[in-house]
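This report refers to the structure that appears directly beneath it.
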Amino acid sequence: MAYRPIITLTTDFGLNDHFVGTMKGVILNIVPEAAIVDISHSVQAFDVLDGALTISQAYSYFPNGTVHIVVVDPGVGSARRPIIASSDGYHFVAPDNGVLSLVYAKEERMHVRHIMSDHYFLQPLSNTFHGRDIFAPVGAYLAKQVDSHKFGDEIEDYVKFQAPKPKAVDANRMRGVVLKVDRFGNLITNITPQDAPMLFQENAPAFKIQVGKREITDIRKVFAEGAPGEVFGILGSMGFLEIAANRGSAAQLLGVGKGTEVNIMLGEAAAAGA
């Protein structure tokens with residue numbers, strides 16, 4: 001079978017405008033045999049953390065050699081650098097604003113380069129659409145197997161951040177946060193089974209999960225176990241505790257959203273409601 005390069009796109013562009021289609025046109029002009037896959041164009045506008053969560057959840061399910069283009073770029077046109085980050089299996093083309101932070105955390109070895117070879121860019125270069133003029137053509141040339149060394153020098157001071165981590169208040173209480181709300185209204189927290197293993201064991205101790213004004217006392221294994229209108233906890237596919245409702249929006253039922261505090265109380269703290 002002939003080699004067919006794969007390029008993915010993750011942006012906050014939405015689909016109402018020409019932006020995504022234009023990037024695909026640029027790519028196909030350079031590497032017409034490419035398979036272009038849309039991971040998401042519904043990243044929250046300007047939300048670098050949401051972009052980081054999105055690409056970190058998806059990239060590793062693609063074949064080795066895939067080029068991932070990630071454009072969540074509130075600093076477009078500023079001094080922020082365009083970069084290529086290369087792991088053993090993938091290339092990532094993105095602004096250097098931390099949007100690859102959760103990929104860096106997952107990959108053992110990453111080489112990051114500041115893209116400086118502007119002869120790979122579209123000209124004239126727009127100050128407001130680097131997705132078209134820088135990231136799409138660079139990603140296309142990478143997919144065409146141009147060596148990443150040719151795009152610029154390796155850097156060590158690239159931007160990265162840690163996603164918010166849950167914090168232990170004391171031995172029986174933990175405080176987390178809602179990282180995002182998916183399209184079904186599930187509240188995706190930053191709490192993993194490693195952070196609160198007692199919640200997910202077969203005979204869990206008494207617990208309460210407080211989100212907004214609601215206290216949740218049940219963990220379900222599948223959505224269908226929940227009764228109509230019931231809000232419950234569930235271990236979601238992203239590996240985080242989610243607050244969900246069966247065929248309903250937990251976000252709407254609770255009147256909360258991204259950034260909402262999530263408090264877990266175990267044992268005596270749960271009984272006391274402290």
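Labeling convention for the structure tokens: chains A, B, ... as they appear, residues from 1 per chain, ligands from 1 in order of appearance.
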Nearby residues (only C-alpha atoms) at most 6 Å from A:Ser87, same-chain spacing under 2 positions excluded, as a PDB file with C-alpha atoms, in the first residue's frame:
ATOM      1  CA  GLY A  89       5.937   8.885  16.926  1.00  0.00           C
ATOM      2  CA  TYR A  90       4.455  12.257  16.045  1.00  0.00           C
ATOM      3  CA  ARG A 109      11.128  12.499  24.809  1.00  0.00           C
ATOM      4  CA  MET A 110      10.193  15.679  22.977  1.00  0.00           C
TER       5      MET A 110
END
*Could you name the residues that touch A:His68 at 7 Å or less, counting only C-alpha atoms, but leaving out those on the same chain fewer than 2 positions away, as number ranges by chain?*
A: 7-9, 66, 70, 91-93
Output file for the selection above: C-alpha atoms, as a tab-separated table (two decimals), in the first residue's frame:
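The resulting file, result-v6.tsv, is reproduced below:
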chain	number	residue	atom	x	y	z
A	7	ILE	CA	-2.52	15.38	9.20
A	8	THR	CA	-4.94	16.27	12.01
A	9	LEU	CA	-6.43	19.64	12.82
A	66	THR	CA	0.93	11.56	11.99
A	70	VAL	CA	-3.03	22.60	16.82
A	91	HIS	CA	5.03	15.84	15.00
A	92	PHE	CA	2.99	18.68	16.51
A	93	VAL	CA	2.81	22.11	14.88
*Can you list, as number ranges by chain, all residues belonging to stretch 36-266 of chain A that DSSP tags as alpha helix (DSSP H)?*
A: 48-58, 101-106, 130, 136-143, 250-254
Residue neighbourhood stretch 214-222 of chain A, 12 Å, only C-alpha atoms, exclusion window fewer than 4 positions, as a PDB file with N, CA and C atoms, in the first residue's frame:
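Now in around-v7.pdb:
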ATOM      1  N   MET A 198     -10.653   5.548  46.759  1.00  0.00           N
ATOM      2  CA  MET A 198     -11.779   5.011  47.531  1.00  0.00           C
ATOM      3  C   MET A 198     -13.110   5.185  46.801  1.00  0.00           C
ATOM      4  N   LEU A 199     -13.208   6.223  45.987  1.00  0.00           N
ATOM      5  CA  LEU A 199     -14.475   6.474  45.289  1.00  0.00           C
ATOM      6  C   LEU A 199     -14.823   5.364  44.310  1.00  0.00           C
ATOM      7  N   PHE A 200     -13.811   4.687  43.792  1.00  0.00           N
ATOM      8  CA  PHE A 200     -14.033   3.780  42.671  1.00  0.00           C
ATOM      9  C   PHE A 200     -13.886   2.311  43.057  1.00  0.00           C
ATOM     10  N   GLN A 201     -13.682   2.024  44.347  1.00  0.00           N
ATOM     11  CA  GLN A 201     -13.579   0.632  44.750  1.00  0.00           C
ATOM     12  C   GLN A 201     -14.965   0.033  44.963  1.00  0.00           C
ATOM     13  N   GLU A 202     -15.019  -1.291  45.008  1.00  0.00           N
ATOM     14  CA  GLU A 202     -16.305  -1.991  45.060  1.00  0.00           C
ATOM     15  C   GLU A 202     -17.120  -1.602  46.287  1.00  0.00           C
ATOM     16  N   ASN A 203     -16.521  -1.599  47.442  1.00  0.00           N
ATOM     17  CA  ASN A 203     -17.229  -1.242  48.672  1.00  0.00           C
ATOM     18  C   ASN A 203     -16.695   0.098  49.169  1.00  0.00           C
ATOM     19  N   ALA A 204     -17.075   1.141  48.457  1.00  0.00           N
ATOM     20  CA  ALA A 204     -16.567   2.474  48.785  1.00  0.00           C
ATOM     21  C   ALA A 204     -17.088   2.918  50.146  1.00  0.00           C
ATOM     22  N   PRO A 205     -16.278   3.622  50.907  1.00  0.00           N
ATOM     23  CA  PRO A 205     -16.760   4.181  52.172  1.00  0.00           C
ATOM     24  C   PRO A 205     -17.769   5.278  51.896  1.00  0.00           C
ATOM     25  N   ALA A 206     -18.438   5.736  52.926  1.00  0.00           N
ATOM     26  CA  ALA A 206     -19.382   6.843  52.759  1.00  0.00           C
ATOM     27  C   ALA A 206     -18.641   8.056  52.195  1.00  0.00           C
ATOM     28  N   PHE A 207     -19.267   8.695  51.225  1.00  0.00           N
ATOM     29  CA  PHE A 207     -18.648   9.879  50.632  1.00  0.00           C
ATOM     30  C   PHE A 207     -19.733  10.828  50.142  1.00  0.00           C
ATOM     31  N   LYS A 208     -19.330  12.060  49.969  1.00  0.00           N
ATOM     32  CA  LYS A 208     -20.166  13.063  49.312  1.00  0.00           C
ATOM     33  C   LYS A 208     -19.289  13.843  48.345  1.00  0.00           C
ATOM     34  N   ILE A 209     -19.839  14.109  47.180  1.00  0.00           N
ATOM     35  CA  ILE A 209     -19.182  14.982  46.216  1.00  0.00           C
ATOM     36  C   ILE A 209     -20.048  16.226  46.109  1.00  0.00           C
ATOM     37  N   GLN A 210     -19.509  17.349  46.502  1.00  0.00           N
ATOM     38  CA  GLN A 210     -20.278  18.587  46.483  1.00  0.00           C
ATOM     39  C   GLN A 210     -19.877  19.414  45.267  1.00  0.00           C
ATOM     40  N   GLY A 226     -28.043   5.329  35.866  1.00  0.00           N
ATOM     41  CA  GLY A 226     -28.628   6.456  36.565  1.00  0.00           C
ATOM     42  C   GLY A 226     -30.125   6.563  36.334  1.00  0.00           C
ATOM     43  N   ALA A 227     -30.850   6.931  37.375  1.00  0.00           N
ATOM     44  CA  ALA A 227     -32.290   7.154  37.245  1.00  0.00           C
ATOM     45  C   ALA A 227     -32.537   8.492  36.545  1.00  0.00           C
ATOM     46  N   GLU A 230     -31.337  11.957  37.890  1.00  0.00           N
ATOM     47  CA  GLU A 230     -30.308  11.756  38.912  1.00  0.00           C
ATOM     48  C   GLU A 230     -28.960  12.276  38.412  1.00  0.00           C
ATOM     49  N   VAL A 231     -28.243  12.948  39.286  1.00  0.00           N
ATOM     50  CA  VAL A 231     -26.874  13.379  38.992  1.00  0.00           C
ATOM     51  C   VAL A 231     -25.933  12.486  39.794  1.00  0.00           C
ATOM     52  N   PHE A 232     -24.935  11.959  39.141  1.00  0.00           N
ATOM     53  CA  PHE A 232     -24.054  10.978  39.774  1.00  0.00           C
ATOM     54  C   PHE A 232     -22.630  11.163  39.261  1.00  0.00           C
ATOM     55  N   GLY A 233     -21.689  10.481  39.913  1.00  0.00           N
ATOM     56  CA  GLY A 233     -20.319  10.456  39.455  1.00  0.00           C
ATOM     57  C   GLY A 233     -20.073   9.247  38.578  1.00  0.00           C
ATOM     58  N   ILE A 234     -19.115   9.362  37.674  1.00  0.00           N
ATOM     59  CA  ILE A 234     -18.757   8.248  36.800  1.00  0.00           C
ATOM     60  C   ILE A 234     -17.310   8.449  36.362  1.00  0.00           C
ATOM     61  N   LEU A 235     -16.596   7.347  36.171  1.00  0.00           N
ATOM     62  CA  LEU A 235     -15.239   7.437  35.635  1.00  0.00           C
ATOM     63  C   LEU A 235     -15.353   7.518  34.115  1.00  0.00           C
ATOM     64  N   GLY A 236     -15.016   8.674  33.549  1.00  0.00           N
ATOM     65  CA  GLY A 236     -15.181   8.887  32.122  1.00  0.00           C
ATOM     66  C   GLY A 236     -14.007   8.371  31.305  1.00  0.00           C
ATOM     67  N   SER A 237     -14.168   8.396  30.006  1.00  0.00           N
ATOM     68  CA  SER A 237     -13.158   7.857  29.094  1.00  0.00           C
ATOM     69  C   SER A 237     -11.868   8.660  29.098  1.00  0.00           C
ATOM     70  N   LEU A 241     -12.854  11.710  36.984  1.00  0.00           N
ATOM     71  CA  LEU A 241     -14.191  11.700  37.556  1.00  0.00           C
ATOM     72  C   LEU A 241     -15.049  12.715  36.813  1.00  0.00           C
ATOM     73  N   GLU A 242     -16.192  12.261  36.334  1.00  0.00           N
ATOM     74  CA  GLU A 242     -17.142  13.162  35.703  1.00  0.00           C
ATOM     75  C   GLU A 242     -18.429  13.193  36.522  1.00  0.00           C
ATOM     76  N   ILE A 243     -19.080  14.329  36.526  1.00  0.00           N
ATOM     77  CA  ILE A 243     -20.398  14.465  37.132  1.00  0.00           C
ATOM     78  C   ILE A 243     -21.382  14.463  35.978  1.00  0.00           C
ATOM     79  N   ALA A 244     -22.308  13.504  36.001  1.00  0.00           N
ATOM     80  CA  ALA A 244     -23.125  13.241  34.820  1.00  0.00           C
ATOM     81  C   ALA A 244     -24.578  13.005  35.202  1.00  0.00           C
ATOM     82  N   ALA A 245     -25.408  12.947  34.172  1.00  0.00           N
ATOM     83  CA  ALA A 245     -26.819  12.576  34.315  1.00  0.00           C
ATOM     84  C   ALA A 245     -27.175  11.681  33.136  1.00  0.00           C
ATOM     85  N   ASN A 246     -28.034  10.704  33.381  1.00  0.00           N
ATOM     86  CA  ASN A 246     -28.460   9.798  32.314  1.00  0.00           C
ATOM     87  C   ASN A 246     -29.375  10.545  31.344  1.00  0.00           C
ATOM     88  N   ARG A 247     -28.925  10.707  30.117  1.00  0.00           N
ATOM     89  CA  ARG A 247     -29.699  11.386  29.061  1.00  0.00           C
ATOM     90  C   ARG A 247     -30.104  12.799  29.472  1.00  0.00           C
ATOM     91  N   ALA A 250     -25.802  17.394  33.198  1.00  0.00           N
ATOM     92  CA  ALA A 250     -25.498  17.676  34.604  1.00  0.00           C
ATOM     93  C   ALA A 250     -25.199  19.164  34.794  1.00  0.00           C
ATOM     94  N   ALA A 251     -24.583  19.781  33.802  1.00  0.00           N
ATOM     95  CA  ALA A 251     -24.268  21.207  33.909  1.00  0.00           C
ATOM     96  C   ALA A 251     -25.543  22.028  34.067  1.00  0.00           C
ATOM     97  N   LEU A 253     -28.571  20.834  35.043  1.00  0.00           N
ATOM     98  CA  LEU A 253     -29.287  20.432  36.250  1.00  0.00           C
ATOM     99  C   LEU A 253     -28.694  21.077  37.498  1.00  0.00           C
ATOM    100  N   LEU A 254     -27.369  21.256  37.496  1.00  0.00           N
ATOM    101  CA  LEU A 254     -26.707  21.830  38.661  1.00  0.00           C
ATOM    102  C   LEU A 254     -26.487  23.331  38.533  1.00  0.00           C
ATOM    103  N   GLY A 255     -26.619  23.854  37.329  1.00  0.00           N
ATOM    104  CA  GLY A 255     -26.401  25.283  37.126  1.00  0.00           C
ATOM    105  C   GLY A 255     -24.955  25.697  37.327  1.00  0.00           C
ATOM    106  N   VAL A 256     -24.018  24.817  36.914  1.00  0.00           N
ATOM    107  CA  VAL A 256     -22.594  25.108  37.097  1.00  0.00           C
ATOM    108  C   VAL A 256     -21.857  24.861  35.784  1.00  0.00           C
ATOM    109  N   GLU A 261     -15.830  24.641  41.666  1.00  0.00           N
ATOM    110  CA  GLU A 261     -15.117  23.849  42.669  1.00  0.00           C
ATOM    111  C   GLU A 261     -15.848  22.532  42.910  1.00  0.00           C
ATOM    112  N   VAL A 262     -15.072  21.468  43.094  1.00  0.00           N
ATOM    113  CA  VAL A 262     -15.610  20.135  43.388  1.00  0.00           C
ATOM    114  C   VAL A 262     -14.975  19.672  44.692  1.00  0.00           C
ATOM    115  N   ASN A 263     -15.794  19.417  45.697  1.00  0.00           N
ATOM    116  CA  ASN A 263     -15.293  18.980  46.996  1.00  0.00           C
ATOM    117  C   ASN A 263     -15.703  17.541  47.261  1.00  0.00           C
ATOM    118  N   ILE A 264     -14.738  16.731  47.648  1.00  0.00           N
ATOM    119  CA  ILE A 264     -14.995  15.342  48.011  1.00  0.00           C
ATOM    120  C   ILE A 264     -14.785  15.189  49.510  1.00  0.00           C
ATOM    121  N   MET A 265     -15.781  14.586  50.164  1.00  0.00           N
ATOM    122  CA  MET A 265     -15.710  14.337  51.601  1.00  0.00           C
ATOM    123  C   MET A 265     -15.895  12.854  51.854  1.00  0.00           C
ATOM    124  N   LEU A 266     -15.016  12.274  52.663  1.00  0.00           N
ATOM    125  CA  LEU A 266     -15.033  10.855  52.929  1.00  0.00           C
ATOM    126  C   LEU A 266     -15.290  10.598  54.409  1.00  0.00           C
ATOM    127  N   GLY A 267     -15.879   9.436  54.693  1.00  0.00           N
ATOM    128  CA  GLY A 267     -16.021   8.970  56.067  1.00  0.00           C
ATOM    129  C   GLY A 267     -16.732   9.963  56.982  1.00  0.00           C
ATOM    130  N   ALA A 270     -17.901  13.177  55.432  1.00  0.00           N
ATOM    131  CA  ALA A 270     -19.129  13.033  54.645  1.00  0.00           C
ATOM    132  C   ALA A 270     -20.348  12.989  55.553  1.00  0.00           C
ATOM    133  N   ALA A 271     -20.247  12.255  56.649  1.00  0.00           N
ATOM    134  CA  ALA A 271     -21.369  12.135  57.573  1.00  0.00           C
ATOM    135  C   ALA A 271     -21.707  13.484  58.207  1.00  0.00           C
ATOM    136  N   GLY A 273     -21.022  16.326  56.803  1.00  0.00           N
ATOM    137  CA  GLY A 273     -21.289  17.339  55.780  1.00  0.00           C
ATOM    138  C   GLY A 273     -20.326  18.483  55.863  1.00  0.00           C
ATOM    139  N   ALA A 274     -19.151  18.232  56.466  1.00  0.00           N
ATOM    140  CA  ALA A 274     -18.171  19.303  56.666  1.00  0.00           C
ATOM    141  C   ALA A 274     -17.462  19.671  55.398  1.00  0.00           C
TER     142      ALA A 274
END
_Residue nearest A:Ala136 - candidates A:Gly25, A:Gly229, A:Pro63, A:Pro124, atoms counted: only C-alpha atoms_ =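 Closest residue, counting only C-alpha atoms: A:Gly25.
Coordinates place atom CA of A:Tyr120 at a distance of 6.6 Å from atom CA of A:Pro137.
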Set out as a tab-separated table a contact list for stretch 211-262 of chain A and stretch 40-56 of chain A with a cut-off of 12 Å, giving each residue of stretch 211-262 of chain A that qualifies its closest atom pair and distance in Å to one decimal, counting only C-alpha atoms, ordered by chain and rising residue number.
residue	atom	partner	partner_atom	distance
A:Met238	CA	A:Leu53	CA	9.2
A:Gly239	CA	A:Leu53	CA	11.7
A:Phe240	CA	A:Leu53	CA	11.7
A:Lys258	CA	A:Asp50	CA	10.3
A:Gly259	CA	A:Leu49	CA	11.7
Export, as a PDB file, in the first residue's frame, the selected residues with C-alpha atoms.
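The new file result.pdb reads:
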ATOM      1  CA  MET A 238     -10.693  10.714  29.670  1.00  0.00           C
ATOM      2  CA  GLY A 239      -9.654   9.060  32.928  1.00  0.00           C
ATOM      3  CA  PHE A 240     -11.261  11.691  35.168  1.00  0.00           C
ATOM      4  CA  LYS A 258     -16.073  25.100  33.914  1.00  0.00           C
ATOM      5  CA  GLY A 259     -14.080  26.319  36.900  1.00  0.00           C
TER       6      GLY A 259
END
